[in-house]
>>> print(open('target.cif').read())   # mmCIF, N, CA and C atoms
data_model
loop_
_atom_site.label_atom_id
_atom_site.label_comp_id
_atom_site.auth_asym_id
_atom_site.auth_seq_id
_atom_site.Cartn_x
_atom_site.Cartn_y
_atom_site.Cartn_z
N MET U 293 -15.93 31.30 61.07
CA MET U 293 -15.31 31.17 59.76
C MET U 293 -15.61 29.78 59.21
N LYS U 294 -16.06 29.72 57.99
CA LYS U 294 -16.35 28.43 57.33
C LYS U 294 -15.04 27.73 56.97
N SER U 295 -15.07 26.41 57.01
CA SER U 295 -13.86 25.64 56.69
C SER U 295 -14.11 24.74 55.49
N VAL U 296 -13.03 24.52 54.73
CA VAL U 296 -13.08 23.69 53.53
C VAL U 296 -11.90 22.72 53.56
N LEU U 297 -12.20 21.46 53.25
CA LEU U 297 -11.16 20.45 53.11
C LEU U 297 -11.00 20.15 51.62
N VAL U 298 -9.77 20.28 51.13
CA VAL U 298 -9.46 19.98 49.73
C VAL U 298 -8.70 18.66 49.70
N ILE U 299 -9.27 17.66 49.02
CA ILE U 299 -8.60 16.36 48.89
C ILE U 299 -8.23 16.20 47.42
N GLU U 300 -6.94 16.25 47.13
CA GLU U 300 -6.45 16.25 45.75
C GLU U 300 -5.04 15.69 45.73
N ASP U 301 -4.75 14.74 44.84
CA ASP U 301 -3.43 14.15 44.78
C ASP U 301 -2.42 14.98 44.00
N ASN U 302 -2.88 15.86 43.13
CA ASN U 302 -1.98 16.72 42.36
C ASN U 302 -1.58 17.91 43.24
N THR U 303 -0.31 18.00 43.55
CA THR U 303 0.19 19.01 44.49
C THR U 303 -0.14 20.43 44.04
N ASP U 304 0.09 20.75 42.76
CA ASP U 304 -0.16 22.11 42.28
C ASP U 304 -1.64 22.49 42.40
N ILE U 305 -2.51 21.59 41.99
CA ILE U 305 -3.95 21.87 42.08
C ILE U 305 -4.38 22.01 43.54
N ARG U 306 -3.90 21.11 44.39
CA ARG U 306 -4.25 21.16 45.81
C ARG U 306 -3.80 22.46 46.46
N GLU U 307 -2.54 22.83 46.23
CA GLU U 307 -2.02 24.05 46.85
C GLU U 307 -2.67 25.31 46.29
N ASN U 308 -2.89 25.36 44.98
CA ASN U 308 -3.53 26.53 44.38
C ASN U 308 -4.98 26.69 44.84
N THR U 309 -5.71 25.60 44.90
CA THR U 309 -7.09 25.65 45.35
C THR U 309 -7.17 26.10 46.80
N ALA U 310 -6.30 25.54 47.64
CA ALA U 310 -6.28 25.93 49.06
C ALA U 310 -5.91 27.40 49.21
N GLU U 311 -4.97 27.88 48.42
CA GLU U 311 -4.57 29.28 48.50
C GLU U 311 -5.71 30.22 48.10
N ILE U 312 -6.40 29.88 47.04
CA ILE U 312 -7.54 30.70 46.58
C ILE U 312 -8.62 30.74 47.66
N LEU U 313 -8.90 29.59 48.26
CA LEU U 313 -9.90 29.54 49.32
C LEU U 313 -9.46 30.34 50.55
N ASP U 314 -8.17 30.26 50.89
CA ASP U 314 -7.63 31.06 52.00
C ASP U 314 -7.82 32.55 51.74
N MET U 315 -7.50 32.98 50.53
CA MET U 315 -7.63 34.40 50.18
C MET U 315 -9.08 34.85 50.19
N ALA U 316 -10.00 33.91 49.97
CA ALA U 316 -11.44 34.22 49.99
C ALA U 316 -11.99 34.23 51.41
N GLY U 317 -11.15 33.92 52.40
CA GLY U 317 -11.59 34.00 53.78
C GLY U 317 -12.01 32.70 54.43
N TYR U 318 -11.72 31.57 53.79
CA TYR U 318 -12.08 30.27 54.36
C TYR U 318 -10.89 29.69 55.14
N LYS U 319 -11.20 28.95 56.19
CA LYS U 319 -10.18 28.17 56.87
C LYS U 319 -10.01 26.91 56.04
N THR U 320 -8.82 26.64 55.56
CA THR U 320 -8.62 25.58 54.58
C THR U 320 -7.70 24.49 55.11
N PHE U 321 -8.10 23.25 54.86
CA PHE U 321 -7.29 22.08 55.15
C PHE U 321 -7.04 21.37 53.83
N ALA U 322 -5.91 20.68 53.71
CA ALA U 322 -5.60 19.99 52.46
C ALA U 322 -5.06 18.60 52.75
N ALA U 323 -5.47 17.65 51.92
CA ALA U 323 -5.01 16.26 52.05
C ALA U 323 -4.57 15.76 50.68
N GLU U 324 -3.52 14.94 50.67
CA GLU U 324 -2.93 14.49 49.41
C GLU U 324 -3.53 13.19 48.87
N ASN U 325 -4.36 12.52 49.66
CA ASN U 325 -5.06 11.34 49.17
C ASN U 325 -6.32 11.12 49.99
N GLY U 326 -7.15 10.19 49.55
CA GLY U 326 -8.43 9.97 50.19
C GLY U 326 -8.34 9.47 51.62
N LYS U 327 -7.36 8.63 51.90
CA LYS U 327 -7.21 8.09 53.26
C LYS U 327 -6.91 9.21 54.25
N ILE U 328 -5.96 10.06 53.90
CA ILE U 328 -5.63 11.20 54.77
C ILE U 328 -6.81 12.16 54.84
N GLY U 329 -7.50 12.33 53.72
CA GLY U 329 -8.66 13.22 53.67
C GLY U 329 -9.76 12.78 54.61
N VAL U 330 -10.05 11.49 54.64
CA VAL U 330 -11.09 10.97 55.55
C VAL U 330 -10.68 11.22 56.99
N GLU U 331 -9.42 10.94 57.32
CA GLU U 331 -8.93 11.17 58.68
C GLU U 331 -9.07 12.65 59.07
N MET U 332 -8.70 13.54 58.15
CA MET U 332 -8.82 14.98 58.43
C MET U 332 -10.27 15.41 58.57
N ALA U 333 -11.14 14.86 57.72
CA ALA U 333 -12.56 15.22 57.77
C ALA U 333 -13.17 14.81 59.11
N LEU U 334 -12.83 13.64 59.60
CA LEU U 334 -13.37 13.18 60.87
C LEU U 334 -12.83 13.99 62.04
N LYS U 335 -11.60 14.47 61.92
CA LYS U 335 -10.98 15.27 62.98
C LYS U 335 -11.45 16.72 62.95
N GLU U 336 -11.43 17.35 61.78
CA GLU U 336 -11.68 18.79 61.66
C GLU U 336 -13.14 19.15 61.43
N LYS U 337 -13.96 18.23 60.94
CA LYS U 337 -15.38 18.48 60.65
C LYS U 337 -15.58 19.73 59.77
N PRO U 338 -15.03 19.72 58.55
CA PRO U 338 -15.15 20.90 57.68
C PRO U 338 -16.59 21.12 57.23
N ASP U 339 -16.90 22.36 56.85
CA ASP U 339 -18.22 22.69 56.34
C ASP U 339 -18.42 22.17 54.92
N LEU U 340 -17.33 22.07 54.17
CA LEU U 340 -17.38 21.64 52.78
C LEU U 340 -16.14 20.82 52.46
N ILE U 341 -16.32 19.79 51.63
CA ILE U 341 -15.18 18.99 51.15
C ILE U 341 -15.17 19.05 49.63
N VAL U 342 -14.03 19.45 49.07
CA VAL U 342 -13.82 19.44 47.62
C VAL U 342 -12.86 18.28 47.38
N CYS U 343 -13.34 17.26 46.65
CA CYS U 343 -12.58 16.02 46.54
C CYS U 343 -12.42 15.58 45.09
N ASP U 344 -11.20 15.22 44.73
CA ASP U 344 -10.90 14.61 43.44
C ASP U 344 -11.51 13.21 43.44
N ILE U 345 -11.81 12.70 42.26
CA ILE U 345 -12.35 11.34 42.14
C ILE U 345 -11.24 10.32 41.96
N MET U 346 -10.34 10.57 41.02
CA MET U 346 -9.29 9.60 40.69
C MET U 346 -8.02 9.93 41.48
N MET U 347 -7.79 9.15 42.56
CA MET U 347 -6.62 9.33 43.41
C MET U 347 -6.09 7.97 43.82
N PRO U 348 -4.80 7.91 44.14
CA PRO U 348 -4.25 6.66 44.67
C PRO U 348 -4.69 6.46 46.12
N VAL U 349 -4.46 5.30 46.64
CA VAL U 349 -4.75 4.89 48.02
C VAL U 349 -6.26 4.74 48.24
N LEU U 350 -7.03 5.82 48.11
CA LEU U 350 -8.48 5.77 48.27
C LEU U 350 -9.07 6.83 47.35
N ASP U 351 -9.92 6.40 46.41
CA ASP U 351 -10.47 7.36 45.45
C ASP U 351 -11.63 8.15 46.05
N GLY U 352 -12.15 9.10 45.30
CA GLY U 352 -13.21 9.97 45.77
C GLY U 352 -14.48 9.24 46.15
N TYR U 353 -14.81 8.17 45.42
CA TYR U 353 -16.00 7.39 45.76
C TYR U 353 -15.81 6.66 47.09
N GLY U 354 -14.60 6.19 47.34
CA GLY U 354 -14.29 5.55 48.63
C GLY U 354 -14.39 6.54 49.78
N VAL U 355 -13.93 7.78 49.53
CA VAL U 355 -14.04 8.85 50.53
C VAL U 355 -15.51 9.07 50.86
N LEU U 356 -16.33 9.23 49.84
CA LEU U 356 -17.76 9.45 50.03
C LEU U 356 -18.40 8.30 50.81
N HIS U 357 -18.05 7.08 50.43
CA HIS U 357 -18.60 5.90 51.11
C HIS U 357 -18.25 5.90 52.60
N LEU U 358 -16.98 6.15 52.93
CA LEU U 358 -16.55 6.13 54.33
C LEU U 358 -17.18 7.28 55.12
N LEU U 359 -17.27 8.46 54.51
CA LEU U 359 -17.85 9.59 55.23
C LEU U 359 -19.36 9.43 55.43
N ASN U 360 -20.04 8.78 54.49
CA ASN U 360 -21.47 8.53 54.66
C ASN U 360 -21.74 7.54 55.79
N LYS U 361 -20.79 6.70 56.12
CA LYS U 361 -20.97 5.73 57.20
C LYS U 361 -20.80 6.40 58.56
N ASN U 362 -20.26 7.62 58.60
CA ASN U 362 -20.01 8.31 59.86
C ASN U 362 -20.70 9.68 59.85
N PRO U 363 -21.87 9.77 60.48
CA PRO U 363 -22.61 11.04 60.44
C PRO U 363 -21.87 12.15 61.15
#
>>> encode(input="target.cif", output="structure tokens")
Amino acid sequence: MKSVLVIEDNTDIRENTAEILDMAGYKTFAAENGKIGVEMALKEKPDLIVCDIMMPVLDGYGVLHLLNKNP
């Protein structure tokens, strides 16, 4: 089963997106900010990451930068 990590600070968008992906048959993980998202990505190794750009704590560009440093 393919897995998807959703990183989104807006609770409604995050939960709705994760629910739609679950119903489509994906194993879904969700994070409320970029810092938590990076931690989850390194732990779970998802097949795809859907990430918001403008978030508190660590924005989407910061997430991309940190994940690119860790193959």
>>> residues_near_point(input="target.cif", point="(-3.4, 15.3, 50.2)", cutoff="7 Å", atoms="only C-alpha atoms", output="PyMOL selection string")
chain U and resi 299-301+322-325+328-329
>>> resolve_selection(input="target.cif", expression="the PyMOL selection byres ((chain U and resi 295) around 5)", output="list in words")
Met293, Lys294, Val296, Leu297, Lys319, Pro338, Asp339 and Leu340 of chain U
>>> write_last_selection(input="target.cif", atoms="N, CA and C atoms", output="PDB file, in the frame of the given file")
ATOM      1  N   MET U 293     -15.930  31.300  61.070  1.00  0.00           N
ATOM      2  CA  MET U 293     -15.310  31.170  59.760  1.00  0.00           C
ATOM      3  C   MET U 293     -15.610  29.780  59.210  1.00  0.00           C
ATOM      4  N   LYS U 294     -16.060  29.720  57.990  1.00  0.00           N
ATOM      5  CA  LYS U 294     -16.350  28.430  57.330  1.00  0.00           C
ATOM      6  C   LYS U 294     -15.040  27.730  56.970  1.00  0.00           C
ATOM      7  N   VAL U 296     -13.030  24.520  54.730  1.00  0.00           N
ATOM      8  CA  VAL U 296     -13.080  23.690  53.530  1.00  0.00           C
ATOM      9  C   VAL U 296     -11.900  22.720  53.560  1.00  0.00           C
ATOM     10  N   LEU U 297     -12.200  21.460  53.250  1.00  0.00           N
ATOM     11  CA  LEU U 297     -11.160  20.450  53.110  1.00  0.00           C
ATOM     12  C   LEU U 297     -11.000  20.150  51.620  1.00  0.00           C
ATOM     13  N   LYS U 319     -11.200  28.950  56.190  1.00  0.00           N
ATOM     14  CA  LYS U 319     -10.180  28.170  56.870  1.00  0.00           C
ATOM     15  C   LYS U 319     -10.010  26.910  56.040  1.00  0.00           C
ATOM     16  N   PRO U 338     -15.030  19.720  58.550  1.00  0.00           N
ATOM     17  CA  PRO U 338     -15.150  20.900  57.680  1.00  0.00           C
ATOM     18  C   PRO U 338     -16.590  21.120  57.230  1.00  0.00           C
ATOM     19  N   ASP U 339     -16.900  22.360  56.850  1.00  0.00           N
ATOM     20  CA  ASP U 339     -18.220  22.690  56.340  1.00  0.00           C
ATOM     21  C   ASP U 339     -18.420  22.170  54.920  1.00  0.00           C
ATOM     22  N   LEU U 340     -17.330  22.070  54.170  1.00  0.00           N
ATOM     23  CA  LEU U 340     -17.380  21.640  52.780  1.00  0.00           C
ATOM     24  C   LEU U 340     -16.140  20.820  52.460  1.00  0.00           C
TER      25      LEU U 340
END
>>> resolve_selection(input="target.cif", expression="the PyMOL selection byres (((chain U and resi 362 and name CA) around 12) and name CA)", output="list of chain:residue names")
U:Val330, U:Glu331, U:Ala333, U:Leu334, U:Lys335, U:Lys337, U:Val355, U:Leu356, U:His357, U:Leu358, U:Leu359, U:Asn360, U:Lys361, U:Pro363
>>> closest_residue(input="target.cif", among="U:Ile305, U:Glu336, U:Val298, U:Lys327", to="Gly354 of chain U", atoms="only C-alpha atoms")
U:Lys327
>>> select_by_dssp(input="target.cif", residues="chain U", states="helix (DSSP H, G or I)", output="ChimeraX atom specification")
/U:303-315,326-336,352-360
>>> atom_distance(input="target.cif", atom1="atom CA of Met315 of chain U", atom2="atom CA of Cys343 of chain U")
19.4 Å
>>> atom_distance(input="target.cif", atom1="atom CA of Ile312 of chain U", atom2="atom CA of Val349 of chain U")
26.0 Å
>>> build_atoms(input="target.cif", residues="segment 321-332 of chain U", atoms="all heavy atoms", output="PDB file, in the coordinates of the input")
ATOM      1  N   PHE U 321      -8.100  23.250  54.860  1.00  0.00           N
ATOM      2  CA  PHE U 321      -7.290  22.080  55.150  1.00  0.00           C
ATOM      3  C   PHE U 321      -7.040  21.370  53.830  1.00  0.00           C
ATOM      4  O   PHE U 321      -7.873  21.431  52.932  1.00  0.00           O
ATOM      5  CB  PHE U 321      -8.015  21.131  56.107  1.00  0.00           C
ATOM      6  CG  PHE U 321      -8.469  21.784  57.377  1.00  0.00           C
ATOM      7  CD1 PHE U 321      -9.774  22.220  57.508  1.00  0.00           C
ATOM      8  CD2 PHE U 321      -7.592  21.975  58.430  1.00  0.00           C
ATOM      9  CE1 PHE U 321     -10.211  22.830  58.678  1.00  0.00           C
ATOM     10  CE2 PHE U 321      -8.016  22.589  59.592  1.00  0.00           C
ATOM     11  CZ  PHE U 321      -9.322  23.016  59.718  1.00  0.00           C
ATOM     12  N   ALA U 322      -5.910  20.680  53.710  1.00  0.00           N
ATOM     13  CA  ALA U 322      -5.600  19.990  52.460  1.00  0.00           C
ATOM     14  C   ALA U 322      -5.060  18.600  52.750  1.00  0.00           C
ATOM     15  O   ALA U 322      -4.305  18.395  53.707  1.00  0.00           O
ATOM     16  CB  ALA U 322      -4.593  20.787  51.645  1.00  0.00           C
ATOM     17  N   ALA U 323      -5.470  17.650  51.920  1.00  0.00           N
ATOM     18  CA  ALA U 323      -5.010  16.260  52.050  1.00  0.00           C
ATOM     19  C   ALA U 323      -4.570  15.760  50.680  1.00  0.00           C
ATOM     20  O   ALA U 323      -5.182  16.065  49.672  1.00  0.00           O
ATOM     21  CB  ALA U 323      -6.127  15.386  52.603  1.00  0.00           C
ATOM     22  N   GLU U 324      -3.520  14.940  50.670  1.00  0.00           N
ATOM     23  CA  GLU U 324      -2.930  14.490  49.410  1.00  0.00           C
ATOM     24  C   GLU U 324      -3.530  13.190  48.870  1.00  0.00           C
ATOM     25  O   GLU U 324      -3.232  12.800  47.750  1.00  0.00           O
ATOM     26  CB  GLU U 324      -1.420  14.335  49.558  1.00  0.00           C
ATOM     27  CG  GLU U 324      -1.023  13.304  50.589  1.00  0.00           C
ATOM     28  CD  GLU U 324       0.432  13.442  51.003  1.00  0.00           C
ATOM     29  OE1 GLU U 324       0.900  14.578  51.118  1.00  0.00           O
ATOM     30  OE2 GLU U 324       1.081  12.395  51.201  1.00  0.00           O
ATOM     31  N   ASN U 325      -4.360  12.520  49.660  1.00  0.00           N
ATOM     32  CA  ASN U 325      -5.060  11.340  49.170  1.00  0.00           C
ATOM     33  C   ASN U 325      -6.320  11.120  49.990  1.00  0.00           C
ATOM     34  O   ASN U 325      -6.543  11.780  51.012  1.00  0.00           O
ATOM     35  CB  ASN U 325      -4.158  10.097  49.160  1.00  0.00           C
ATOM     36  CG  ASN U 325      -3.708   9.666  50.529  1.00  0.00           C
ATOM     37  OD1 ASN U 325      -4.508   9.499  51.445  1.00  0.00           O
ATOM     38  ND2 ASN U 325      -2.401   9.469  50.687  1.00  0.00           N
ATOM     39  N   GLY U 326      -7.150  10.190  49.550  1.00  0.00           N
ATOM     40  CA  GLY U 326      -8.430   9.970  50.190  1.00  0.00           C
ATOM     41  C   GLY U 326      -8.340   9.470  51.620  1.00  0.00           C
ATOM     42  O   GLY U 326      -9.129   9.866  52.480  1.00  0.00           O
ATOM     43  N   LYS U 327      -7.360   8.630  51.900  1.00  0.00           N
ATOM     44  CA  LYS U 327      -7.210   8.090  53.260  1.00  0.00           C
ATOM     45  C   LYS U 327      -6.910   9.210  54.250  1.00  0.00           C
ATOM     46  O   LYS U 327      -7.558   9.318  55.295  1.00  0.00           O
ATOM     47  CB  LYS U 327      -6.099   7.042  53.285  1.00  0.00           C
ATOM     48  CG  LYS U 327      -5.907   6.389  54.637  1.00  0.00           C
ATOM     49  CD  LYS U 327      -4.831   5.308  54.559  1.00  0.00           C
ATOM     50  CE  LYS U 327      -4.676   4.568  55.857  1.00  0.00           C
ATOM     51  NZ  LYS U 327      -4.016   5.322  56.900  1.00  0.00           N
ATOM     52  N   ILE U 328      -5.960  10.060  53.900  1.00  0.00           N
ATOM     53  CA  ILE U 328      -5.630  11.200  54.770  1.00  0.00           C
ATOM     54  C   ILE U 328      -6.810  12.160  54.840  1.00  0.00           C
ATOM     55  O   ILE U 328      -7.122  12.715  55.896  1.00  0.00           O
ATOM     56  CB  ILE U 328      -4.365  11.911  54.255  1.00  0.00           C
ATOM     57  CG1 ILE U 328      -3.152  10.982  54.376  1.00  0.00           C
ATOM     58  CG2 ILE U 328      -4.120  13.208  55.023  1.00  0.00           C
ATOM     59  CD1 ILE U 328      -1.908  11.481  53.684  1.00  0.00           C
ATOM     60  N   GLY U 329      -7.500  12.330  53.720  1.00  0.00           N
ATOM     61  CA  GLY U 329      -8.660  13.220  53.670  1.00  0.00           C
ATOM     62  C   GLY U 329      -9.760  12.780  54.610  1.00  0.00           C
ATOM     63  O   GLY U 329     -10.357  13.607  55.312  1.00  0.00           O
ATOM     64  N   VAL U 330     -10.050  11.490  54.640  1.00  0.00           N
ATOM     65  CA  VAL U 330     -11.090  10.970  55.550  1.00  0.00           C
ATOM     66  C   VAL U 330     -10.680  11.220  56.990  1.00  0.00           C
ATOM     67  O   VAL U 330     -11.481  11.662  57.821  1.00  0.00           O
ATOM     68  CB  VAL U 330     -11.367   9.476  55.285  1.00  0.00           C
ATOM     69  CG1 VAL U 330     -12.230   8.876  56.385  1.00  0.00           C
ATOM     70  CG2 VAL U 330     -12.024   9.287  53.929  1.00  0.00           C
ATOM     71  N   GLU U 331      -9.420  10.940  57.320  1.00  0.00           N
ATOM     72  CA  GLU U 331      -8.930  11.170  58.680  1.00  0.00           C
ATOM     73  C   GLU U 331      -9.070  12.650  59.070  1.00  0.00           C
ATOM     74  O   GLU U 331      -9.515  12.963  60.172  1.00  0.00           O
ATOM     75  CB  GLU U 331      -7.465  10.727  58.796  1.00  0.00           C
ATOM     76  CG  GLU U 331      -7.273   9.225  58.678  1.00  0.00           C
ATOM     77  CD  GLU U 331      -5.825   8.818  58.508  1.00  0.00           C
ATOM     78  OE1 GLU U 331      -4.929   9.696  58.486  1.00  0.00           O
ATOM     79  OE2 GLU U 331      -5.574   7.602  58.392  1.00  0.00           O
ATOM     80  N   MET U 332      -8.700  13.540  58.150  1.00  0.00           N
ATOM     81  CA  MET U 332      -8.820  14.980  58.430  1.00  0.00           C
ATOM     82  C   MET U 332     -10.270  15.410  58.570  1.00  0.00           C
ATOM     83  O   MET U 332     -10.609  16.225  59.426  1.00  0.00           O
ATOM     84  CB  MET U 332      -8.126  15.791  57.345  1.00  0.00           C
ATOM     85  CG  MET U 332      -6.624  15.679  57.362  1.00  0.00           C
ATOM     86  SD  MET U 332      -5.846  16.708  56.115  1.00  0.00           S
ATOM     87  CE  MET U 332      -5.893  18.273  56.977  1.00  0.00           C
TER      88      MET U 332
END
